[in-house]
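Undergrad: Just so it is clear, I am handing over structure.cif, which has mmCIF, C-alpha atoms and all ligand atoms.
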data_entry
#
loop_
_atom_site.group_PDB
_atom_site.id
_atom_site.type_symbol
_atom_site.label_atom_id
_atom_site.label_comp_id
_atom_site.auth_asym_id
_atom_site.auth_seq_id
_atom_site.Cartn_x
_atom_site.Cartn_y
_atom_site.Cartn_z
ATOM 1 C CA MET N 1 30.460 30.994 -28.960
ATOM 2 C CA SER N 2 28.401 31.152 -32.107
ATOM 3 C CA ASP N 3 28.565 28.987 -35.202
ATOM 4 C CA PHE N 4 27.130 31.687 -37.436
ATOM 5 C CA LYS N 5 29.439 32.656 -40.291
ATOM 6 C CA SER N 6 27.294 35.072 -42.270
ATOM 7 C CA LEU N 7 24.094 37.115 -42.294
ATOM 8 C CA THR N 8 22.267 34.311 -44.083
ATOM 9 C CA ASP N 9 22.986 31.730 -41.387
ATOM 10 C CA CYS N 10 19.813 31.128 -39.444
ATOM 11 C CA TYR N 11 18.279 30.462 -36.077
ATOM 12 C CA THR N 12 15.517 27.853 -36.216
ATOM 13 C CA LEU N 13 12.217 28.831 -34.604
ATOM 14 C CA SER N 14 10.232 26.324 -32.541
ATOM 15 C CA ASN N 15 8.046 25.586 -35.596
ATOM 16 C CA GLY N 16 11.096 24.793 -37.761
ATOM 17 C CA VAL N 17 11.096 28.095 -39.682
ATOM 18 C CA LYS N 18 14.591 29.447 -40.371
ATOM 19 C CA ILE N 19 15.269 33.085 -39.508
ATOM 20 C CA PRO N 20 18.472 34.905 -40.607
ATOM 21 C CA CYS N 21 20.633 35.553 -37.547
ATOM 22 C CA VAL N 22 20.841 39.352 -37.887
ATOM 23 C CA GLY N 23 17.927 41.514 -39.004
ATOM 24 C CA PHE N 24 17.939 45.035 -40.385
ATOM 25 C CA GLY N 25 16.039 47.410 -38.097
ATOM 26 C CA THR N 26 13.904 50.229 -39.522
ATOM 27 C CA TRP N 27 12.465 51.872 -36.417
ATOM 28 C CA GLN N 28 12.933 55.665 -36.755
ATOM 29 C CA THR N 29 13.675 55.306 -40.479
ATOM 30 C CA LYS N 30 11.561 57.773 -42.463
ATOM 31 C CA SER N 31 9.343 56.504 -45.258
ATOM 32 C CA GLY N 32 10.350 57.506 -48.782
ATOM 33 C CA ASP N 33 13.979 57.845 -49.889
ATOM 34 C CA GLU N 34 15.465 57.191 -46.450
ATOM 35 C CA ALA N 35 13.729 53.840 -45.994
ATOM 36 C CA GLU N 36 14.012 52.823 -49.636
ATOM 37 C CA ASN N 37 17.727 53.571 -49.817
ATOM 38 C CA SER N 38 18.639 52.049 -46.484
ATOM 39 C CA VAL N 39 16.776 48.795 -47.205
ATOM 40 C CA LYS N 40 18.338 48.710 -50.685
ATOM 41 C CA TRP N 41 21.822 49.122 -49.179
ATOM 42 C CA ALA N 42 21.061 46.532 -46.528
ATOM 43 C CA LEU N 43 20.041 43.973 -49.148
ATOM 44 C CA GLU N 44 23.126 44.842 -51.218
ATOM 45 C CA SER N 45 25.272 44.315 -48.106
ATOM 46 C CA GLY N 46 23.849 40.836 -47.637
ATOM 47 C CA TYR N 47 21.006 41.310 -45.169
ATOM 48 C CA ARG N 48 18.095 39.002 -45.910
ATOM 49 C CA HIS N 49 16.003 39.872 -42.876
ATOM 50 C CA ILE N 50 14.138 43.187 -42.581
ATOM 51 C CA ASP N 51 12.209 44.252 -39.507
ATOM 52 C CA THR N 52 9.461 46.862 -39.770
ATOM 53 C CA ALA N 53 6.127 47.707 -38.107
ATOM 54 C CA TRP N 54 2.906 49.400 -39.099
ATOM 55 C CA ILE N 55 3.575 52.244 -36.655
ATOM 56 C CA TYR N 56 6.978 52.999 -38.240
ATOM 57 C CA GLY N 57 5.029 54.324 -41.226
ATOM 58 C CA ASN N 58 7.588 52.917 -43.665
ATOM 59 C CA GLU N 59 6.073 49.575 -44.701
ATOM 60 C CA GLU N 60 5.407 50.777 -48.254
ATOM 61 C CA SER N 61 8.969 51.997 -48.743
ATOM 62 C CA VAL N 62 10.392 48.814 -47.224
ATOM 63 C CA GLY N 63 8.202 46.746 -49.548
ATOM 64 C CA LYS N 64 9.227 48.780 -52.579
ATOM 65 C CA ALA N 65 12.947 48.410 -51.860
ATOM 66 C CA ILE N 66 12.546 44.671 -51.421
ATOM 67 C CA LYS N 67 10.565 44.334 -54.627
ATOM 68 C CA ASP N 68 13.048 46.462 -56.587
ATOM 69 C CA SER N 69 15.904 44.236 -55.383
ATOM 70 C CA GLY N 70 14.506 41.349 -57.432
ATOM 71 C CA ILE N 71 15.483 38.888 -54.690
ATOM 72 C CA PRO N 72 13.191 35.813 -54.830
ATOM 73 C CA ARG N 73 10.514 35.766 -52.128
ATOM 74 C CA ASP N 74 11.790 32.634 -50.429
ATOM 75 C CA GLN N 75 15.216 34.202 -49.922
ATOM 76 C CA TYR N 76 14.322 37.057 -47.604
ATOM 77 C CA PHE N 77 12.553 37.307 -44.273
ATOM 78 C CA VAL N 78 10.169 40.158 -43.398
ATOM 79 C CA THR N 79 8.678 40.982 -40.013
ATOM 80 C CA THR N 80 5.971 43.501 -39.247
ATOM 81 C CA LYS N 81 3.844 44.276 -36.171
ATOM 82 C CA ILE N 82 0.338 45.262 -35.155
ATOM 83 C CA PHE N 83 0.184 48.475 -33.109
ATOM 84 C CA ASN N 84 -1.665 49.374 -29.945
ATOM 85 C CA ARG N 85 -5.013 50.889 -30.952
ATOM 86 C CA HIS N 86 -5.735 47.725 -32.933
ATOM 87 C CA ARG N 87 -6.829 44.797 -30.838
ATOM 88 C CA GLY N 88 -9.401 42.007 -30.990
ATOM 89 C CA TYR N 89 -10.071 39.465 -33.716
ATOM 90 C CA LYS N 90 -11.544 41.605 -36.486
ATOM 91 C CA ASP N 91 -9.203 44.569 -36.107
ATOM 92 C CA THR N 92 -6.187 42.288 -36.085
ATOM 93 C CA ILE N 93 -7.149 40.609 -39.352
ATOM 94 C CA GLU N 94 -7.835 44.019 -40.919
ATOM 95 C CA MET N 95 -4.544 45.501 -39.743
ATOM 96 C CA PHE N 96 -2.645 42.458 -40.911
ATOM 97 C CA GLU N 97 -4.160 42.854 -44.365
ATOM 98 C CA THR N 98 -3.286 46.569 -44.358
ATOM 99 C CA SER N 99 0.331 45.718 -43.582
ATOM 100 C CA LEU N 100 0.435 43.065 -46.318
ATOM 101 C CA LYS N 101 -0.929 45.593 -48.779
ATOM 102 C CA ASN N 102 1.546 48.264 -47.660
ATOM 103 C CA LEU N 103 4.423 45.828 -48.054
ATOM 104 C CA GLY N 104 3.111 44.463 -51.362
ATOM 105 C CA LEU N 105 3.449 40.899 -50.080
ATOM 106 C CA PHE N 106 1.157 37.866 -50.053
ATOM 107 C CA TYR N 107 2.562 36.689 -46.734
ATOM 108 C CA VAL N 108 4.984 37.871 -44.059
ATOM 109 C CA ASP N 109 7.564 35.686 -42.398
ATOM 110 C CA LEU N 110 6.819 36.931 -38.901
ATOM 111 C CA TYR N 111 3.895 38.919 -37.478
ATOM 112 C CA LEU N 112 4.205 40.367 -33.970
ATOM 113 C CA ILE N 113 2.004 42.062 -31.386
ATOM 114 C CA HIS N 114 4.035 45.236 -30.879
ATOM 115 C CA TRP N 115 3.207 45.961 -27.197
ATOM 116 C CA PRO N 116 1.371 43.878 -24.598
ATOM 117 C CA ASN N 117 -0.556 46.502 -22.659
ATOM 118 C CA PRO N 118 -1.779 49.404 -24.835
ATOM 119 C CA LEU N 119 -2.703 52.667 -23.110
ATOM 120 C CA HIS N 120 -6.138 52.578 -24.738
ATOM 121 C CA PHE N 121 -6.953 49.218 -23.106
ATOM 122 C CA ARG N 122 -4.660 49.543 -20.118
ATOM 123 C CA ASN N 123 -4.762 46.641 -17.721
ATOM 124 C CA ALA N 124 -7.515 44.877 -19.639
ATOM 125 C CA PHE N 125 -4.708 43.247 -21.592
ATOM 126 C CA PRO N 126 -5.426 39.578 -20.799
ATOM 127 C CA ARG N 127 -8.943 39.855 -22.279
ATOM 128 C CA ILE N 128 -7.937 42.170 -25.146
ATOM 129 C CA LEU N 129 -5.017 39.958 -26.067
ATOM 130 C CA SER N 130 -7.068 36.805 -26.411
ATOM 131 C CA GLY N 131 -9.040 37.890 -29.508
ATOM 132 C CA THR N 132 -5.905 39.353 -31.029
ATOM 133 C CA TRP N 133 -3.969 36.152 -30.486
ATOM 134 C CA ARG N 134 -6.777 34.012 -31.943
ATOM 135 C CA ALA N 135 -6.565 36.137 -35.107
ATOM 136 C CA MET N 136 -2.780 35.734 -35.160
ATOM 137 C CA GLU N 137 -3.208 31.979 -34.875
ATOM 138 C CA ASP N 138 -5.662 31.949 -37.787
ATOM 139 C CA ILE N 139 -3.306 34.074 -39.900
ATOM 140 C CA TYR N 140 -0.566 31.562 -39.097
ATOM 141 C CA LYS N 141 -2.741 28.536 -39.839
ATOM 142 C CA GLU N 142 -3.679 30.045 -43.200
ATOM 143 C CA GLY N 143 0.018 30.405 -44.028
ATOM 144 C CA ARG N 144 -0.182 34.178 -44.297
ATOM 145 C CA ALA N 145 2.486 34.508 -41.591
ATOM 146 C CA ARG N 146 5.125 31.778 -41.383
ATOM 147 C CA ALA N 147 5.610 32.558 -37.688
ATOM 148 C CA ILE N 148 3.853 34.690 -35.071
ATOM 149 C CA GLY N 149 5.047 36.295 -31.902
ATOM 150 C CA VAL N 150 5.135 39.186 -29.505
ATOM 151 C CA SER N 151 7.250 42.200 -28.678
ATOM 152 C CA ASN N 152 7.990 43.984 -25.407
ATOM 153 C CA PHE N 153 6.331 41.188 -23.422
ATOM 154 C CA CYS N 154 7.321 40.648 -19.784
ATOM 155 C CA VAL N 155 6.791 37.402 -17.897
ATOM 156 C CA ARG N 156 3.286 38.323 -16.745
ATOM 157 C CA HIS N 157 2.173 39.199 -20.281
ATOM 158 C CA LEU N 158 3.520 35.899 -21.569
ATOM 159 C CA ASP N 159 1.750 34.077 -18.748
ATOM 160 C CA ALA N 160 -1.553 35.716 -19.689
ATOM 161 C CA LEU N 161 -1.077 34.676 -23.301
ATOM 162 C CA PHE N 162 -0.141 31.100 -22.398
ATOM 163 C CA GLU N 163 -3.516 30.751 -20.626
ATOM 164 C CA TYR N 164 -5.321 30.531 -23.949
ATOM 165 C CA ALA N 165 -2.678 30.214 -26.670
ATOM 166 C CA GLU N 166 -3.189 27.156 -28.816
ATOM 167 C CA ILE N 167 0.008 28.107 -30.648
ATOM 168 C CA LYS N 168 2.751 29.532 -28.470
ATOM 169 C CA PRO N 169 4.489 32.629 -29.858
ATOM 170 C CA HIS N 170 7.675 31.814 -31.733
ATOM 171 C CA VAL N 171 9.471 35.067 -30.917
ATOM 172 C CA ASN N 172 9.691 37.760 -28.257
ATOM 173 C CA GLN N 173 11.284 40.932 -29.609
ATOM 174 C CA ILE N 174 12.510 43.128 -26.769
ATOM 175 C CA ARG N 175 15.088 45.805 -26.196
ATOM 176 C CA LEU N 176 18.316 44.021 -25.287
ATOM 177 C CA GLY N 177 21.903 45.214 -25.267
ATOM 178 C CA PRO N 178 24.994 45.432 -23.082
ATOM 179 C CA GLY N 179 23.811 46.423 -19.596
ATOM 180 C CA ASP N 180 20.171 45.769 -20.514
ATOM 181 C CA THR N 181 19.762 42.010 -20.390
ATOM 182 C CA LYS N 182 16.267 41.513 -18.877
ATOM 183 C CA ASP N 183 17.348 38.179 -17.455
ATOM 184 C CA ASP N 184 13.914 37.118 -16.163
ATOM 185 C CA VAL N 185 12.145 37.655 -19.505
ATOM 186 C CA VAL N 186 15.025 36.081 -21.419
ATOM 187 C CA TYR N 187 14.994 33.010 -19.175
ATOM 188 C CA TYR N 188 11.216 32.636 -19.318
ATOM 189 C CA SER N 189 10.993 33.196 -23.083
ATOM 190 C CA ARG N 190 13.657 30.584 -23.711
ATOM 191 C CA LYS N 191 12.080 28.114 -21.324
ATOM 192 C CA ASN N 192 8.939 28.386 -23.428
ATOM 193 C CA GLY N 193 10.719 28.027 -26.757
ATOM 194 C CA LEU N 194 10.630 31.668 -27.892
ATOM 195 C CA LEU N 195 13.581 33.141 -29.753
ATOM 196 C CA LEU N 196 14.733 36.493 -28.352
ATOM 197 C CA GLU N 197 15.127 39.248 -30.893
ATOM 198 C CA ALA N 198 17.090 42.285 -29.695
ATOM 199 C CA TYR N 199 15.893 45.669 -30.858
ATOM 200 C CA SER N 200 18.083 48.718 -30.326
ATOM 201 C CA PRO N 201 21.199 46.533 -29.936
ATOM 202 C CA LEU N 202 23.248 49.754 -30.089
ATOM 203 C CA GLY N 203 21.071 51.429 -27.456
ATOM 204 C CA THR N 204 19.672 53.644 -30.271
ATOM 205 C CA GLY N 205 23.244 54.837 -30.755
ATOM 206 C CA GLU N 206 23.905 55.796 -27.103
ATOM 207 C CA LEU N 207 26.091 52.740 -26.462
ATOM 208 C CA LEU N 208 28.494 53.932 -29.129
ATOM 209 C CA LYS N 209 29.598 56.718 -26.738
ATOM 210 C CA SER N 210 30.613 54.298 -23.964
ATOM 211 C CA PRO N 211 34.343 54.462 -23.103
ATOM 212 C CA GLU N 212 34.107 50.988 -21.511
ATOM 213 C CA LEU N 213 32.794 49.476 -24.738
ATOM 214 C CA LYS N 214 35.343 51.398 -26.807
ATOM 215 C CA GLU N 215 38.145 49.885 -24.732
ATOM 216 C CA ILE N 216 36.812 46.367 -25.336
ATOM 217 C CA ALA N 217 36.170 46.992 -29.057
ATOM 218 C CA ASP N 218 39.761 48.238 -29.529
ATOM 219 C CA LYS N 219 41.109 44.892 -28.302
ATOM 220 C CA TYR N 220 39.399 43.189 -31.250
ATOM 221 C CA ASN N 221 40.084 45.979 -33.779
ATOM 222 C CA LYS N 222 36.356 46.401 -34.183
ATOM 223 C CA SER N 223 33.964 49.342 -33.852
ATOM 224 C CA VAL N 224 31.688 49.559 -30.829
ATOM 225 C CA ALA N 225 28.715 48.920 -33.148
ATOM 226 C CA GLN N 226 30.286 45.693 -34.388
ATOM 227 C CA LEU N 227 31.143 44.693 -30.825
ATOM 228 C CA CYS N 228 27.530 45.186 -29.668
ATOM 229 C CA ILE N 229 26.080 43.240 -32.595
ATOM 230 C CA ARG N 230 28.565 40.414 -32.070
ATOM 231 C CA TRP N 231 27.810 40.351 -28.328
ATOM 232 C CA SER N 232 24.102 40.014 -29.088
ATOM 233 C CA ILE N 233 24.736 37.008 -31.334
ATOM 234 C CA GLN N 234 27.023 35.398 -28.745
ATOM 235 C CA MET N 235 24.293 35.898 -26.138
ATOM 236 C CA GLY N 236 21.993 33.879 -28.402
ATOM 237 C CA PHE N 237 19.879 36.910 -29.310
ATOM 238 C CA LEU N 238 18.928 37.973 -32.818
ATOM 239 C CA PRO N 239 20.076 41.608 -33.132
ATOM 240 C CA LEU N 240 18.182 44.145 -35.268
ATOM 241 C CA PRO N 241 20.635 47.048 -35.761
ATOM 242 C CA LYS N 242 19.212 50.115 -37.504
ATOM 243 C CA SER N 243 21.080 52.545 -39.727
ATOM 244 C CA VAL N 244 20.263 54.816 -42.643
ATOM 245 C CA THR N 245 23.936 55.329 -43.529
ATOM 246 C CA LYS N 246 25.442 53.171 -46.281
ATOM 247 C CA GLU N 247 28.905 52.799 -44.700
ATOM 248 C CA ARG N 248 27.459 51.946 -41.295
ATOM 249 C CA ILE N 249 25.058 49.418 -42.783
ATOM 250 C CA GLU N 250 28.043 47.678 -44.369
ATOM 251 C CA GLU N 251 30.175 48.029 -41.240
ATOM 252 C CA ASN N 252 27.459 46.360 -39.165
ATOM 253 C CA THR N 253 27.594 43.222 -41.326
ATOM 254 C CA ASN N 254 31.247 42.520 -40.457
ATOM 255 C CA VAL N 255 30.643 40.696 -37.230
ATOM 256 C CA PHE N 256 31.527 37.103 -38.098
ATOM 257 C CA ASP N 257 35.340 37.235 -38.057
ATOM 258 C CA PHE N 258 35.956 37.626 -34.335
ATOM 259 C CA GLU N 259 34.928 36.091 -31.039
ATOM 260 C CA ILE N 260 34.415 38.104 -27.834
ATOM 261 C CA SER N 261 35.996 36.382 -24.820
ATOM 262 C CA GLN N 262 33.726 35.158 -22.035
ATOM 263 C CA ASP N 263 35.215 37.752 -19.679
ATOM 264 C CA ASP N 264 34.341 40.555 -22.071
ATOM 265 C CA VAL N 265 30.860 39.135 -22.746
ATOM 266 C CA ARG N 266 30.301 39.245 -19.004
ATOM 267 C CA ALA N 267 31.746 42.762 -18.621
ATOM 268 C CA MET N 268 29.299 43.915 -21.313
ATOM 269 C CA TRP N 269 26.438 42.136 -19.599
ATOM 270 C CA LEU N 270 27.272 44.066 -16.417
ATOM 271 C CA LEU N 271 27.685 47.456 -18.133
ATOM 272 C CA LYS N 272 26.024 50.306 -16.263
ATOM 273 C CA GLY N 273 23.974 53.126 -17.746
ATOM 274 C CA ASN N 274 21.993 51.363 -20.466
ATOM 275 C CA ALA N 275 18.894 50.389 -18.519
ATOM 276 C CA ASP N 276 15.605 50.351 -20.426
ATOM 277 C CA THR N 277 13.319 53.141 -19.235
ATOM 278 C CA TRP N 278 10.237 51.990 -21.158
ATOM 279 C CA HIS N 279 8.237 49.596 -19.035
ATOM 280 C CA PRO N 280 5.473 48.142 -21.229
ATOM 281 C CA ASP N 281 2.844 48.636 -18.505
ATOM 282 C CA PHE N 282 3.557 52.372 -18.296
ATOM 283 C CA VAL N 283 4.381 53.524 -21.818
ATOM 284 C CA PRO N 284 2.148 56.412 -22.932
ATOM 285 C CA TRP N 285 0.913 54.665 -26.095
HETATM 286 P P1 LIG H 301 22.124 56.275 -38.535
HETATM 287 O O1 LIG H 301 20.793 55.564 -38.725
HETATM 288 O O2 LIG H 301 22.017 57.762 -38.657
HETATM 289 O O3 LIG H 301 23.200 55.695 -39.396
HETATM 290 P P2 LIG H 301 19.909 50.918 -32.703
HETATM 291 O O4 LIG H 301 20.097 49.897 -33.767
HETATM 292 O O5 LIG H 301 20.358 50.500 -31.346
HETATM 293 O O6 LIG H 301 18.489 51.442 -32.663
HETATM 294 O O7 LIG H 301 20.852 52.165 -33.073
HETATM 295 C C1 LIG H 301 20.596 52.953 -34.199
HETATM 296 C C2 LIG H 301 21.413 54.240 -34.122
HETATM 297 O O8 LIG H 301 22.803 53.910 -34.194
HETATM 298 C C3 LIG H 301 21.140 55.178 -35.252
HETATM 299 O O9 LIG H 301 21.223 56.488 -34.753
HETATM 300 C C4 LIG H 301 22.254 54.893 -36.251
HETATM 301 O O10 LIG H 301 22.570 56.048 -37.001
HETATM 302 C C5 LIG H 301 23.410 54.567 -35.319
HETATM 303 N N1 LIG H 301 24.349 53.591 -35.921
HETATM 304 C C6 LIG H 301 24.064 52.411 -36.475
HETATM 305 N N2 LIG H 301 25.177 51.778 -36.875
HETATM 306 C C7 LIG H 301 26.204 52.597 -36.582
HETATM 307 C C8 LIG H 301 27.619 52.508 -36.764
HETATM 308 N N3 LIG H 301 28.189 51.451 -37.312
HETATM 309 N N4 LIG H 301 28.375 53.566 -36.349
HETATM 310 C C9 LIG H 301 27.811 54.653 -35.767
HETATM 311 N N5 LIG H 301 26.485 54.784 -35.562
HETATM 312 C C10 LIG H 301 25.685 53.770 -35.969
#
Rewrite the structure from the file as structure tokens, please.

TA:
Amino acid sequence: MSDFKSLTDCYTLSNGVKIPCVGFGTWQTKSGDEAENSVKWALESGYRHIDTAWIYGNEESVGKAIKDSGIPRDQYFVTTKIFNRHRGYKDTIEMFETSLKNLGLFYVDLYLIHWPNPLHFRNAFPRILSGTWRAMEDIYKEGRARAIGVSNFCVRHLDALFEYAEIKPHVNQIRLGPGDTKDDVVYYSRKNGLLLEAYSPLGTGELLKSPELKEIADKYNKSVAQLCIRWSIQMGFLPLPKSVTKERIEENTNVFDFEISQDDVRAMWLLKGNADTWHPDFVPW
């Protein structure tokens, strides 16, 4: 079940900040025309939540498309993330300011640590994280990010952070989709008040080839993409579907006029073949 009726309906973070229930993903979207056009189309289709990251290299294009839309600042939600070579207090503040400048914004709505255990600092993450998190907390206290959080964090990374966090992260953004439900992280994040954002809710497009999902989608007269996005919402996740194609961007917004049955939600939860192969302690970046 979900009470959401449109893209502008919101989850409420643990600090009271409202966050639109579906975000527009921009990972693998090229800077320049591709990012500018896709964000423009997303805003025209009703999205008010855009997810980017410094490492995507498209912050400037995302910022330009948002600015050109003329939508008032308090009516859209922007997330960006600090990448792996940048850790510690000073670097974090500097990278945050770089992202603000790239986006052309005075504040972001959500700032995330992109990965918990960077290759460059591998396995020193509890110490490296502490300075980074202190900077995130200061950015938050100054009102330059309305919420702060993490991405790709497993239970042990969250535990390390909780050792010294004065402010608990508001969000954990992880890869989640049918057959990739990371139940331990989801349970632990929720127990600690973090909202789960789901990146790659379409399995970077791979899920769209699944005959099992196609069979379920047909029952509801929906596309597999719509089914996956709807499933994510019904699971209580905040999906971040990515597309650079106008028709698909629009198609992916039509997810509020049907309800997936509990049996089908479960069948999707149990789907085989969509396991995440990127463990954050072993990624080569
Ligand atoms: P494209 O960007 O070329 O339109 P995810 O959100 O899981 O990362 O998946 C993104 C991938 O899924 C991209 O390759 C995107 O293609 C594709 N995609 C997104 N929406 C749809 C859709 N409605 N139909 C088909 N493919 C889609």

Undergrad: So that I can see what lies close to N:Asn102, please list as a PyMOL selection string the residues with an atom at most 10 Å from it, counting all atoms listed in the file and leaving out residues fewer than 6 positions away in the same chain.

TA: chain N and resi 54+57-64+96

Undergrad: Excluding N:Ile139 and its own-chain neighbours fewer than 5 positions away, which residues fall within 10 Å of it when counting only C-alpha atoms? Please give them as a PyMOL selection string.

TA: chain N and resi 92-93+96-97+107+111+133-134+144-148

Undergrad: Please identify every polymer residue within 10 Å of ligand LIG 301 (chain H), using only C-alpha atoms and all ligand atoms, and present the set as an MDAnalysis selection string.

TA: chainID N and resid 24:29 34 38 175:177 198:209 223:229 239:254

Undergrad: For the PyMOL selection byres (((chain N and resi 113) around 8) and not hetatm), applied here, can you spell out every residue it catches as a list of chain:residue names?

TA: N:Lys81, N:Ile82, N:Phe83, N:Tyr111, N:Leu112, N:His114, N:Trp115, N:Pro116, N:Gly149, N:Val150, N:Ser151

Undergrad: Would you mind exporting the chosen residues as a PDB file, keeping the file's coordinate frame, restricted to C-alpha atoms?

TA:
ATOM      1  CA  LYS N  81       3.844  44.276 -36.171  1.00  0.00           C
ATOM      2  CA  ILE N  82       0.338  45.262 -35.155  1.00  0.00           C
ATOM      3  CA  PHE N  83       0.184  48.475 -33.109  1.00  0.00           C
ATOM      4  CA  TYR N 111       3.895  38.919 -37.478  1.00  0.00           C
ATOM      5  CA  LEU N 112       4.205  40.367 -33.970  1.00  0.00           C
ATOM      6  CA  HIS N 114       4.035  45.236 -30.879  1.00  0.00           C
ATOM      7  CA  TRP N 115       3.207  45.961 -27.197  1.00  0.00           C
ATOM      8  CA  PRO N 116       1.371  43.878 -24.598  1.00  0.00           C
ATOM      9  CA  GLY N 149       5.047  36.295 -31.902  1.00  0.00           C
ATOM     10  CA  VAL N 150       5.135  39.186 -29.505  1.00  0.00           C
ATOM     11  CA  SER N 151       7.250  42.200 -28.678  1.00  0.00           C
TER      12      SER N 151
END

Undergrad: Please evaluate the PyMOL selection byres (((chain N and resi 283) around 12) and not hetatm) against the structure above and give the resulting residues as a PyMOL selection string.

TA: chain N and resi 84+115-120+122+152+276-282+284-285

Undergrad: Since we have the selection now, will you write its residues out, keeping C-alpha atoms, as a CSV table (one decimal), in the coordinates of the input?

TA:
chain,number,residue,atom,x,y,z
N,84,ASN,CA,-1.7,49.4,-29.9
N,115,TRP,CA,3.2,46.0,-27.2
N,116,PRO,CA,1.4,43.9,-24.6
N,117,ASN,CA,-0.6,46.5,-22.7
N,118,PRO,CA,-1.8,49.4,-24.8
N,119,LEU,CA,-2.7,52.7,-23.1
N,120,HIS,CA,-6.1,52.6,-24.7
N,122,ARG,CA,-4.7,49.5,-20.1
N,152,ASN,CA,8.0,44.0,-25.4
N,276,ASP,CA,15.6,50.4,-20.4
N,277,THR,CA,13.3,53.1,-19.2
N,278,TRP,CA,10.2,52.0,-21.2
N,279,HIS,CA,8.2,49.6,-19.0
N,280,PRO,CA,5.5,48.1,-21.2
N,281,ASP,CA,2.8,48.6,-18.5
N,282,PHE,CA,3.6,52.4,-18.3
N,284,PRO,CA,2.1,56.4,-22.9
N,285,TRP,CA,0.9,54.7,-26.1

Undergrad: Taking every listed atom of stretch 30-46 of chain N and adding 6 Å to each side, what centre and edge lengths in Å (one decimal) does the axis-aligned box have, as lines of an AutoDock Vina configuration file?

TA:
center_x = 17.3
center_y = 49.3
center_z = -46.8
size_x = 27.9
size_y = 29.0
size_z = 20.8

Undergrad: Which is closest to N:Thr8 among N:Gly32, N:Pro169, N:Trp41, N:Tyr47, if we use only C-alpha atoms?

TA: N:Tyr47

Undergrad: Find the spatial neighbours of N:Glu259, counting only C-alpha atoms, within a cut-off of 10 Å - ignore same-chain residues fewer than 3 positions away - and output them as JSON, numbers by chain.

TA: {"N": [1, 2, 220, 227, 230, 231, 234, 255, 256, 262, 265]}

Undergrad: Can you work out the spacing between atom CA of N:Cys154 and atom CA of N:Ala53 in Å, to one decimal?

TA: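 Taking atom CA of N:Cys154 as the start and atom CA of N:Ala53 as the end point, the length is 19.7 Å.
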
Undergrad: Under the rule that all atoms listed in the file are counted, which of N:Leu158, N:Leu103, N:Ala275, N:Ala217 is the nearest residue to N:Asn192?

TA: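 Residue with the minimum atom-to-atom distance to N:Asn192: N:Leu158.
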
Undergrad: Could you check which of N:Arg266, N:Lys222, N:Lys191, N:Lys272 is closest to N:Ser210, using all atoms listed in the file?

TA: N:Lys272

Undergrad: Which distance in Å separates atom CA of N:Gly273 and atom CA of N:Pro178, to one decimal?

TA: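 Rounded to one decimal, the two atoms are 9.4 Å apart.
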